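J.: Mind having a look at this structure? Questions to follow.
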Amino acid sequence: MNYRILLCLAFLLVGCSTSKESPTQVTVAKVLPAGWDAKAEADRVMTDLIKVTTPQVKGAHDSHLAIVGNRAFVISEVNDRQAGEAAGWAFIYVSLSIVDLRTLLVLDTMTVARSEQAFTNETLPVGACFVPRVKQVGPQTLRCYFASEQPGRRQSQTYYRDLDLRTLVFENEIHRLKLQTAEGVFDLQPQHLYAEATKQGFKRKPVDAGLYLFDNFKQFDGQTYIAINNYLGAQQALCTINAAADTLTIVGHFNGPGEPALTEPAVNRLPDGSWLAISRKENGDQNYWFSESKDGKAWTTGGEKDFVKKGAASKPTFDKFKGLYYLGWQERATIDKVGRSIFNIDVSADGKHWERKYRFESTKSFQDPTFVEANGQIWFSVTQGDSDPSRKERIMLGRLE
């Protein structure tokens, strides 16, 4: 074959390559096997749920959990009078259940805090003990956080109380969680978060209650992060918590455009180091709202995303387990007209392309779950009920996978 023939063949190959060239298309590898049945997998998970609240509890919600060894510590707000929950119900108290994960037996249930409870260093004022969270803060210390509030009467305050993991006895003191802003260190109360946010252009009216720890405690680059939310004021921020787990420091505010009102956020960091927050939306069609940030400090106004459609006004989750992001959200559609009866969990390797891994459908509802990975397994707590329209009657514990 001579030089002239080789040259002609080269031109033909280049021409064929050019003529078939198309716009760049990104091929995303599937993370779930072919034929995966999200509903069937969720049904399987729900068959093994166990109740962790005591028989006298009539209303329960806002659970959170921590895993220590072979035990789950499930914290929640409960009451012994009626189904449902409200910040104005002073009879709501905080309960902690301890579950042996090997036998799935509830070992003990203890009261963490209730209205007007006297401790050696402070007596709680009248008001609901609300929206608790729990975190292991030392080899032998479990810390239980909760808000004490009486809307319209006083500033709410977030406290914590420690449990000795060796003796399973609570200390007889409570402590005030702190908030560090540009102006100094203050008690974690709505007025101080509000004062800081107004400097960033926040324009909604101040409120005196509704400030809670939200989302899970998440670690990035040696720092522990958590999103906080003033539910009544539609205000939220990304914070770090110090090594002593007693002071939050504001990293950045993400409050959306003012309307719709955004609440109950979940935040995670994407592979490129940027941040993504999903929030419950209170106005309009109530689909979920997303905000983004390159550094956690300055956030976009945000908006909806194509991969979450027809969401409901309910708490989302956004975690990362075993190298995959898990995004949980409530669907607006219902089963037999029961509110919060459909909950989806989508998974993604990059935070952009999502697949449906679980679809929970139940007339008992499936609402406000919290997911935790420990010992290679993913556990969760969730609110369910039988007859009250709210379906906020008990807390269940389950193993996702």
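Residue numbering restarts at 1 in every chain; chains get A, B, ... in the order shown in the structure tokens, and ligands count up from 1 in that same order.
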Kindly assemble as a tab-separated table a list of the region 127-187 of chain A residues that lie within 12 Å of region 58-68 of chain A, each paired with its nearest atom pair and their distance in Å to one decimal, using only C-alpha atoms, sorted first by chain and then by ascending residue number.
T.:
```
residue	atom	partner	partner_atom	distance
A:Cys129	CA	A:Asp62	CA	11.3
A:Phe130	CA	A:Asp62	CA	8.2
A:Val131	CA	A:Asp62	CA	5.4
A:Pro132	CA	A:Ser63	CA	7.0
A:Arg133	CA	A:His64	CA	5.5
A:Val134	CA	A:Leu65	CA	6.1
A:Lys135	CA	A:Ala66	CA	6.0
A:Gln136	CA	A:Ala66	CA	7.0
A:Val137	CA	A:Ala66	CA	10.7
A:Gly138	CA	A:Val68	CA	10.8
A:Pro139	CA	A:Val68	CA	9.4
A:Gln140	CA	A:Val68	CA	9.7
A:Thr141	CA	A:Val68	CA	10.2
A:Leu142	CA	A:Ala66	CA	8.6
A:Arg143	CA	A:Ala66	CA	9.9
A:Cys144	CA	A:His64	CA	9.9
A:Tyr145	CA	A:His64	CA	10.3
A:Phe146	CA	A:Asp62	CA	10.7
A:Ala147	CA	A:Asp62	CA	11.8
A:Leu165	CA	A:Val68	CA	8.9
A:Arg166	CA	A:Val68	CA	11.5
```
J.: Those same residues - C-alpha atoms - I'd like them written as a JSON list (two decimals), in the first residue's frame.
T.:
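Wrote it out as out-v5.json, contents follow:
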```json
[["chain", "number", "residue", "atom", "x", "y", "z"],
["A", 129, "CYS", "CA", -39.87, 20.23, 75.80],
["A", 130, "PHE", "CA", -39.68, 19.98, 72.05],
["A", 131, "VAL", "CA", -37.77, 18.64, 69.00],
["A", 132, "PRO", "CA", -34.98, 16.69, 70.74],
["A", 133, "ARG", "CA", -31.71, 15.49, 69.25],
["A", 134, "VAL", "CA", -29.10, 13.05, 70.57],
["A", 135, "LYS", "CA", -25.37, 12.68, 69.99],
["A", 136, "GLN", "CA", -22.54, 10.69, 71.53],
["A", 137, "VAL", "CA", -20.04, 13.33, 72.65],
["A", 138, "GLY", "CA", -17.48, 11.16, 74.44],
["A", 139, "PRO", "CA", -16.57, 7.50, 75.02],
["A", 140, "GLN", "CA", -19.03, 7.29, 77.91],
["A", 141, "THR", "CA", -21.32, 10.29, 77.34],
["A", 142, "LEU", "CA", -24.54, 10.59, 75.39],
["A", 143, "ARG", "CA", -25.88, 14.14, 75.05],
["A", 144, "CYS", "CA", -29.60, 14.85, 74.71],
["A", 145, "TYR", "CA", -30.58, 18.24, 73.30],
["A", 146, "PHE", "CA", -34.08, 19.75, 73.44],
["A", 147, "ALA", "CA", -35.86, 23.09, 73.16],
["A", 165, "LEU", "CA", -23.27, 5.28, 79.10],
["A", 166, "ARG", "CA", -21.67, 3.07, 81.75]]
```
J.: Counting only C-alpha atoms, what are the residues of region 110-196 of chain A within 6 Å of region 76-100 of chain A, and for each of them which pair of atoms is the nearest and at what distance in Å, to one decimal? Sort the table by chain and rising number, as a Markdown table.
T.:
```
| residue | atom | partner | partner_atom | distance |
| --- | --- | --- | --- | --- |
| A:Met110 | CA | A:Leu96 | CA | 5.2 |
| A:Thr111 | CA | A:Ser95 | CA | 4.5 |
| A:Val112 | CA | A:Val94 | CA | 5.3 |
| A:Ala113 | CA | A:Val94 | CA | 5.4 |
| A:Arg114 | CA | A:Tyr93 | CA | 4.5 |
| A:Gly127 | CA | A:Ala90 | CA | 4.2 |
| A:Ala128 | CA | A:Ala90 | CA | 4.1 |
| A:Cys129 | CA | A:Tyr93 | CA | 4.9 |
| A:Phe130 | CA | A:Glu77 | CA | 5.8 |
| A:Pro132 | CA | A:Ser76 | CA | 5.9 |
| A:Gln150 | CA | A:Gly88 | CA | 5.9 |
```
J.: Store the residues picked out above in a file with C-alpha atoms, as a JSON list (two decimals), in the first residue's frame.
T.:
```json
[["chain", "number", "residue", "atom", "x", "y", "z"],
["A", 110, "MET", "CA", -36.44, 7.29, 80.48],
["A", 111, "THR", "CA", -37.74, 10.83, 80.75],
["A", 112, "VAL", "CA", -35.09, 13.36, 79.72],
["A", 113, "ALA", "CA", -36.94, 16.58, 80.55],
["A", 114, "ARG", "CA", -40.43, 17.94, 81.13],
["A", 127, "GLY", "CA", -43.53, 25.01, 78.37],
["A", 128, "ALA", "CA", -43.15, 22.12, 75.96],
["A", 129, "CYS", "CA", -39.87, 20.23, 75.80],
["A", 130, "PHE", "CA", -39.68, 19.98, 72.05],
["A", 132, "PRO", "CA", -34.98, 16.69, 70.74],
["A", 150, "GLN", "CA", -43.84, 28.64, 75.35]]
```
J.: Give me, as number ranges by chain, all polymer residues having an atom no more than 12 Å from Glu264 (chain A), counting only C-alpha atoms and skipping those fewer than 4 positions away in the same chain.
T.: A: 62, 131, 210-216, 226-238, 254-255, 277-282, 288-290, 313-318, 329, 368
J.: Find the spatial neighbours of Arg269 (chain A), counting only C-alpha atoms, within a cut-off of 10 Å - ignore same-chain residues fewer than 4 positions away - and output them as a CSV table (one decimal) with N, CA and C atoms, in the first residue's frame.
T.:
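To be explicit, this is the file written out as selection20.csv:
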```csv
chain,number,residue,atom,x,y,z
A,218,LYS,N,-23.1,16.0,61.0
A,218,LYS,CA,-22.3,15.4,59.9
A,218,LYS,C,-20.9,16.0,60.0
A,219,GLN,N,-19.9,15.1,59.7
A,219,GLN,CA,-18.5,15.5,59.8
A,219,GLN,C,-17.9,15.7,58.4
A,220,PHE,N,-17.2,16.8,58.2
A,220,PHE,CA,-16.4,17.1,57.0
A,220,PHE,C,-15.1,17.8,57.4
A,273,GLY,N,-17.0,19.5,46.7
A,273,GLY,CA,-16.8,20.3,47.8
A,273,GLY,C,-17.9,21.4,48.1
A,274,SER,N,-18.8,21.5,47.1
A,274,SER,CA,-19.9,22.5,47.3
A,274,SER,C,-21.0,21.9,48.2
A,275,TRP,N,-21.9,22.7,48.6
A,275,TRP,CA,-23.0,22.3,49.5
A,275,TRP,C,-24.3,22.4,48.8
A,276,LEU,N,-25.2,21.5,49.3
A,276,LEU,CA,-26.6,21.5,48.7
A,276,LEU,C,-27.5,21.3,49.9
A,277,ALA,N,-28.5,22.1,50.0
A,277,ALA,CA,-29.5,22.1,51.1
A,277,ALA,C,-30.9,21.8,50.5
A,292,GLU,N,-27.9,26.3,47.2
A,292,GLU,CA,-26.5,25.8,46.9
A,292,GLU,C,-25.5,26.8,47.4
A,293,SER,N,-24.3,26.3,47.7
A,293,SER,CA,-23.2,27.1,48.2
A,293,SER,C,-21.9,26.5,47.8
A,294,LYS,N,-20.9,27.3,47.5
A,294,LYS,CA,-19.6,26.8,47.2
A,294,LYS,C,-18.8,26.6,48.5
A,295,ASP,N,-19.1,27.4,49.5
A,295,ASP,CA,-18.3,27.4,50.7
A,295,ASP,C,-19.1,27.2,52.0
A,296,GLY,N,-20.4,27.1,51.9
A,296,GLY,CA,-21.2,27.0,53.1
A,296,GLY,C,-21.6,28.4,53.7
A,318,PHE,N,-31.2,14.1,54.1
A,318,PHE,CA,-30.2,14.1,53.0
A,318,PHE,C,-28.9,13.6,53.7
A,319,ASP,N,-28.6,12.4,53.5
A,319,ASP,CA,-27.4,11.7,54.1
A,319,ASP,C,-26.5,11.1,53.1
A,320,LYS,N,-25.4,10.6,53.6
A,320,LYS,CA,-24.5,9.9,52.7
A,320,LYS,C,-24.0,8.6,53.4
A,325,TYR,N,-25.3,9.1,48.2
A,325,TYR,CA,-26.2,10.0,48.8
A,325,TYR,C,-27.6,9.4,48.9
A,351,GLY,N,-24.9,13.3,43.6
A,351,GLY,CA,-25.8,14.3,44.1
A,351,GLY,C,-26.6,15.0,43.0
```
J.: Work out how far CA of Pro369 (chain A) is from CA of Ala243 (chain A), in Å to one decimal.
T.: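 So the answer is 26.4 Å.
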J.: DSSP on the backbone, strand (DSSP E) only: what residues of region 87-148 of chain A does that give? Format it as a ChimeraX atom specification.
T.: /A:93-100,105-113,128-138,141-148
J.: Please produce a file of those selected residues containing N, CA and C atoms, as a tab-separated table (two decimals), in the first residue's frame.
T.:
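To be explicit, this is the file written out as result22.tsv:
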```
chain	number	residue	atom	x	y	z
A	93	TYR	N	-43.23	16.21	76.72
A	93	TYR	CA	-41.93	16.01	77.35
A	93	TYR	C	-41.02	15.20	76.43
A	94	VAL	N	-39.75	15.08	76.81
A	94	VAL	CA	-38.77	14.37	75.99
A	94	VAL	C	-38.48	13.01	76.62
A	95	SER	N	-38.52	11.98	75.78
A	95	SER	CA	-38.32	10.60	76.24
A	95	SER	C	-37.16	9.97	75.47
A	96	LEU	N	-36.42	9.09	76.14
A	96	LEU	CA	-35.31	8.36	75.52
A	96	LEU	C	-35.52	6.87	75.71
A	97	SER	N	-35.57	6.12	74.61
A	97	SER	CA	-35.71	4.66	74.65
A	97	SER	C	-34.40	4.01	74.26
A	98	ILE	N	-34.04	2.95	74.95
A	98	ILE	CA	-32.80	2.21	74.68
A	98	ILE	C	-33.18	0.84	74.13
A	99	VAL	N	-32.66	0.50	72.96
A	99	VAL	CA	-33.03	-0.74	72.27
A	99	VAL	C	-31.79	-1.60	72.03
A	100	ASP	N	-31.88	-2.87	72.36
A	100	ASP	CA	-30.83	-3.83	72.03
A	100	ASP	C	-31.00	-4.22	70.57
A	105	LEU	N	-35.20	-5.67	71.36
A	105	LEU	CA	-36.02	-5.48	72.56
A	105	LEU	C	-35.72	-4.11	73.16
A	106	VAL	N	-36.77	-3.43	73.61
A	106	VAL	CA	-36.60	-2.15	74.29
A	106	VAL	C	-36.15	-2.44	75.72
A	107	LEU	N	-34.95	-1.99	76.06
A	107	LEU	CA	-34.37	-2.29	77.36
A	107	LEU	C	-34.87	-1.34	78.45
A	108	ASP	N	-35.09	-0.08	78.07
A	108	ASP	CA	-35.52	0.90	79.06
A	108	ASP	C	-36.03	2.14	78.33
A	109	THR	N	-36.88	2.89	79.00
A	109	THR	CA	-37.34	4.18	78.51
A	109	THR	C	-37.29	5.17	79.66
A	110	MET	N	-36.65	6.31	79.42
A	110	MET	CA	-36.44	7.29	80.48
A	110	MET	C	-36.93	8.66	80.04
A	111	THR	N	-37.38	9.44	81.01
A	111	THR	CA	-37.74	10.83	80.75
A	111	THR	C	-36.48	11.69	80.81
A	112	VAL	N	-36.26	12.46	79.77
A	112	VAL	CA	-35.09	13.36	79.72
A	112	VAL	C	-35.42	14.69	80.38
A	113	ALA	N	-36.57	15.27	80.01
A	113	ALA	CA	-36.94	16.58	80.55
A	113	ALA	C	-38.41	16.83	80.33
A	128	ALA	N	-43.44	23.41	76.59
A	128	ALA	CA	-43.15	22.12	75.96
A	128	ALA	C	-41.65	21.89	75.87
A	129	CYS	N	-41.24	20.66	76.10
A	129	CYS	CA	-39.87	20.23	75.80
A	129	CYS	C	-39.96	19.57	74.43
A	130	PHE	N	-39.30	20.17	73.44
A	130	PHE	CA	-39.68	19.98	72.05
A	130	PHE	C	-38.48	19.67	71.16
A	131	VAL	N	-38.73	18.94	70.08
A	131	VAL	CA	-37.77	18.64	69.00
A	131	VAL	C	-36.39	18.27	69.55
A	132	PRO	N	-36.26	17.10	70.16
A	132	PRO	CA	-34.98	16.69	70.74
A	132	PRO	C	-34.03	16.09	69.70
A	133	ARG	N	-32.76	16.12	70.06
A	133	ARG	CA	-31.71	15.49	69.25
A	133	ARG	C	-30.73	14.81	70.21
A	134	VAL	N	-30.00	13.81	69.71
A	134	VAL	CA	-29.10	13.05	70.57
A	134	VAL	C	-27.79	12.80	69.83
A	135	LYS	N	-26.69	12.86	70.59
A	135	LYS	CA	-25.37	12.68	69.99
A	135	LYS	C	-24.41	12.13	71.04
A	136	GLN	N	-23.60	11.15	70.64
A	136	GLN	CA	-22.54	10.69	71.53
A	136	GLN	C	-21.41	11.72	71.47
A	137	VAL	N	-21.04	12.26	72.63
A	137	VAL	CA	-20.04	13.33	72.65
A	137	VAL	C	-18.74	12.91	73.33
A	138	GLY	N	-18.69	11.69	73.81
A	138	GLY	CA	-17.48	11.16	74.44
A	138	GLY	C	-17.60	9.66	74.57
A	141	THR	N	-20.33	9.21	77.16
A	141	THR	CA	-21.32	10.29	77.34
A	141	THR	C	-22.23	10.41	76.14
A	142	LEU	N	-23.53	10.35	76.40
A	142	LEU	CA	-24.54	10.59	75.39
A	142	LEU	C	-25.24	11.91	75.75
A	143	ARG	N	-25.31	12.82	74.79
A	143	ARG	CA	-25.88	14.14	75.05
A	143	ARG	C	-27.25	14.26	74.40
A	144	CYS	N	-28.23	14.67	75.20
A	144	CYS	CA	-29.60	14.85	74.71
A	144	CYS	C	-29.93	16.34	74.67
A	145	TYR	N	-30.24	16.84	73.49
A	145	TYR	CA	-30.58	18.24	73.30
A	145	TYR	C	-32.11	18.38	73.15
A	146	PHE	N	-32.65	19.49	73.62
A	146	PHE	CA	-34.08	19.75	73.44
A	146	PHE	C	-34.34	21.24	73.60
A	147	ALA	N	-35.43	21.70	73.01
A	147	ALA	CA	-35.86	23.09	73.16
A	147	ALA	C	-36.95	23.16	74.21
A	148	SER	N	-36.88	24.17	75.06
A	148	SER	CA	-37.95	24.47	76.01
A	148	SER	C	-38.62	25.74	75.54
```
J.: When you draw a straight line from CA of Ala349 (chain A) to CA of Ser291 (chain A), how long is it in Å?
T.: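 Computing it gives 19.1 Å between the two atoms.
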J.: For CA of Phe119 (chain A) and CA of Val169 (chain A), quote the distance in Å rounded to one decimal.
T.: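 One can read the CA of Phe119 (chain A) to CA of Val169 (chain A) distance as 14.1 Å.
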J.: Name all residues at most 10 Å from Pro257 (chain A) (count only C-alpha atoms; drop same-chain ones fewer than 6 positions away) and give them as a tab-separated table (two decimals) with C-alpha atoms, in the first residue's frame.
T.:
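Below you can see part_0.tsv, which holds the result:
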```
chain	number	residue	atom	x	y	z
A	202	PHE	CA	-33.37	38.65	56.36
A	203	LYS	CA	-36.67	40.55	56.50
A	300	THR	CA	-27.98	30.89	46.31
A	301	THR	CA	-31.61	31.97	46.56
A	302	GLY	CA	-32.34	28.54	45.14
A	303	GLY	CA	-35.41	26.89	43.71
```
J.: Give me every alpha helix (DSSP H) residue in region 43-211 of chain A, going by DSSP on the backbone, as a list of chain:residue names.
T.: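 Residues meeting the alpha helix (DSSP H) criterion: A:Asp43, A:Arg44, A:Val45, A:Met46, A:Pro190, A:Gln191, A:His192, A:Leu193, A:Tyr194, A:Ala195, A:Glu196, A:Ala197, A:Thr198.
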J.: Would you output that residue set with N, CA and C atoms, as a short mmCIF file (atom, residue, chain, number, x, y, z; two decimals), in the first residue's frame?
T.:
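Below you can see result_6.cif, which holds the result:
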```cif
data_model
loop_
_atom_site.label_atom_id
_atom_site.label_comp_id
_atom_site.auth_asym_id
_atom_site.auth_seq_id
_atom_site.Cartn_x
_atom_site.Cartn_y
_atom_site.Cartn_z
N ASP A 43 -41.56 -2.17 51.60
CA ASP A 43 -42.50 -3.04 52.31
C ASP A 43 -41.75 -4.03 53.19
N ARG A 44 -40.67 -4.57 52.66
CA ARG A 44 -39.85 -5.51 53.44
C ARG A 44 -39.31 -4.85 54.69
N VAL A 45 -38.83 -3.62 54.56
CA VAL A 45 -38.29 -2.89 55.71
C VAL A 45 -39.37 -2.68 56.77
N MET A 46 -40.57 -2.31 56.34
CA MET A 46 -41.63 -1.99 57.30
C MET A 46 -42.15 -3.19 58.07
N PRO A 190 -34.04 32.30 69.77
CA PRO A 190 -34.40 32.87 68.47
C PRO A 190 -33.92 34.29 68.25
N GLN A 191 -33.92 35.12 69.28
CA GLN A 191 -33.55 36.52 69.11
C GLN A 191 -32.12 36.70 68.61
N HIS A 192 -31.22 35.83 69.01
CA HIS A 192 -29.83 35.99 68.62
C HIS A 192 -29.58 35.49 67.19
N LEU A 193 -30.24 34.40 66.80
CA LEU A 193 -30.16 33.96 65.42
C LEU A 193 -30.78 35.00 64.50
N TYR A 194 -31.89 35.58 64.93
CA TYR A 194 -32.58 36.58 64.12
C TYR A 194 -31.72 37.83 63.93
N ALA A 195 -31.08 38.30 65.00
CA ALA A 195 -30.24 39.50 64.92
C ALA A 195 -29.11 39.29 63.92
N GLU A 196 -28.55 38.11 63.90
CA GLU A 196 -27.45 37.82 62.96
C GLU A 196 -27.97 37.75 61.52
N ALA A 197 -29.14 37.17 61.35
CA ALA A 197 -29.68 37.00 60.00
C ALA A 197 -30.10 38.34 59.37
N THR A 198 -30.59 39.26 60.19
CA THR A 198 -31.02 40.55 59.64
C THR A 198 -29.84 41.31 59.02
#
```
J.: Of the candidates A:Ile345, A:Cys239, A:Leu324, A:Ile250, which one gets nearest to Val308 (chain A) if we count only C-alpha atoms?
T.: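 Smallest distance to Val308 (chain A) is found for A:Ile345.
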J.: I need the residue nearest Ile335 (chain A) from this list: A:Phe366, A:Trp354, A:Phe307, A:Phe73. Use only C-alpha atoms for the distance.
T.: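 Closest residue, counting only C-alpha atoms: A:Phe366.
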J.: Within 12 Å of Ala374 (chain A), counting only C-alpha atoms, which residues show up once you throw out same-chain ones fewer than 6 positions away? Write them as a ChimeraX atom specification, please.
T.: /A:65-72,101,321-322,380,399-401
J.: Would you mind exporting the chosen residues as a PDB file, in the first residue's frame, restricted to N, CA and C atoms?
T.:
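Contents of again.pdb, freshly written:
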```
ATOM      1  N   LEU A  65     -31.973   9.563  66.604  1.00  0.00           N
ATOM      2  CA  LEU A  65     -31.332   8.416  67.246  1.00  0.00           C
ATOM      3  C   LEU A  65     -29.829   8.449  67.105  1.00  0.00           C
ATOM      4  N   ALA A  66     -29.182   7.759  68.035  1.00  0.00           N
ATOM      5  CA  ALA A  66     -27.744   7.522  67.994  1.00  0.00           C
ATOM      6  C   ALA A  66     -27.515   6.044  68.280  1.00  0.00           C
ATOM      7  N   ILE A  67     -26.498   5.479  67.628  1.00  0.00           N
ATOM      8  CA  ILE A  67     -26.137   4.076  67.836  1.00  0.00           C
ATOM      9  C   ILE A  67     -24.817   4.036  68.588  1.00  0.00           C
ATOM     10  N   VAL A  68     -24.796   3.317  69.692  1.00  0.00           N
ATOM     11  CA  VAL A  68     -23.566   3.123  70.459  1.00  0.00           C
ATOM     12  C   VAL A  68     -23.402   1.628  70.678  1.00  0.00           C
ATOM     13  N   GLY A  69     -22.405   1.033  70.041  1.00  0.00           N
ATOM     14  CA  GLY A  69     -22.222  -0.405  70.130  1.00  0.00           C
ATOM     15  C   GLY A  69     -23.419  -1.127  69.553  1.00  0.00           C
ATOM     16  N   ASN A  70     -24.019  -2.004  70.347  1.00  0.00           N
ATOM     17  CA  ASN A  70     -25.192  -2.760  69.904  1.00  0.00           C
ATOM     18  C   ASN A  70     -26.500  -2.191  70.435  1.00  0.00           C
ATOM     19  N   ARG A  71     -26.477  -0.907  70.786  1.00  0.00           N
ATOM     20  CA  ARG A  71     -27.675  -0.281  71.322  1.00  0.00           C
ATOM     21  C   ARG A  71     -28.067   0.958  70.516  1.00  0.00           C
ATOM     22  N   ALA A  72     -29.356   1.115  70.343  1.00  0.00           N
ATOM     23  CA  ALA A  72     -29.900   2.332  69.740  1.00  0.00           C
ATOM     24  C   ALA A  72     -30.514   3.176  70.845  1.00  0.00           C
ATOM     25  N   LEU A 101     -30.039  -3.884  69.730  1.00  0.00           N
ATOM     26  CA  LEU A 101     -30.172  -4.124  68.298  1.00  0.00           C
ATOM     27  C   LEU A 101     -29.998  -5.589  67.928  1.00  0.00           C
ATOM     28  N   PHE A 321     -24.352   7.460  52.846  1.00  0.00           N
ATOM     29  CA  PHE A 321     -24.029   6.172  53.440  1.00  0.00           C
ATOM     30  C   PHE A 321     -23.336   5.296  52.403  1.00  0.00           C
ATOM     31  N   LYS A 322     -22.250   4.689  52.806  1.00  0.00           N
ATOM     32  CA  LYS A 322     -21.552   3.721  51.949  1.00  0.00           C
ATOM     33  C   LYS A 322     -21.255   4.295  50.560  1.00  0.00           C
ATOM     34  N   PHE A 380     -33.066   3.501  61.434  1.00  0.00           N
ATOM     35  CA  PHE A 380     -33.856   4.730  61.397  1.00  0.00           C
ATOM     36  C   PHE A 380     -34.963   4.690  62.440  1.00  0.00           C
ATOM     37  N   ARG A 399     -34.571  -1.140  60.547  1.00  0.00           N
ATOM     38  CA  ARG A 399     -33.283  -1.252  59.876  1.00  0.00           C
ATOM     39  C   ARG A 399     -33.529  -1.124  58.376  1.00  0.00           C
ATOM     40  N   LEU A 400     -32.927  -0.106  57.784  1.00  0.00           N
ATOM     41  CA  LEU A 400     -33.114   0.116  56.351  1.00  0.00           C
ATOM     42  C   LEU A 400     -32.366  -0.920  55.539  1.00  0.00           C
ATOM     43  N   GLU A 401     -31.116  -1.143  55.905  1.00  0.00           N
ATOM     44  CA  GLU A 401     -30.291  -2.126  55.176  1.00  0.00           C
ATOM     45  C   GLU A 401     -29.025  -2.404  55.943  1.00  0.00           C
TER      46      GLU A 401
END
```
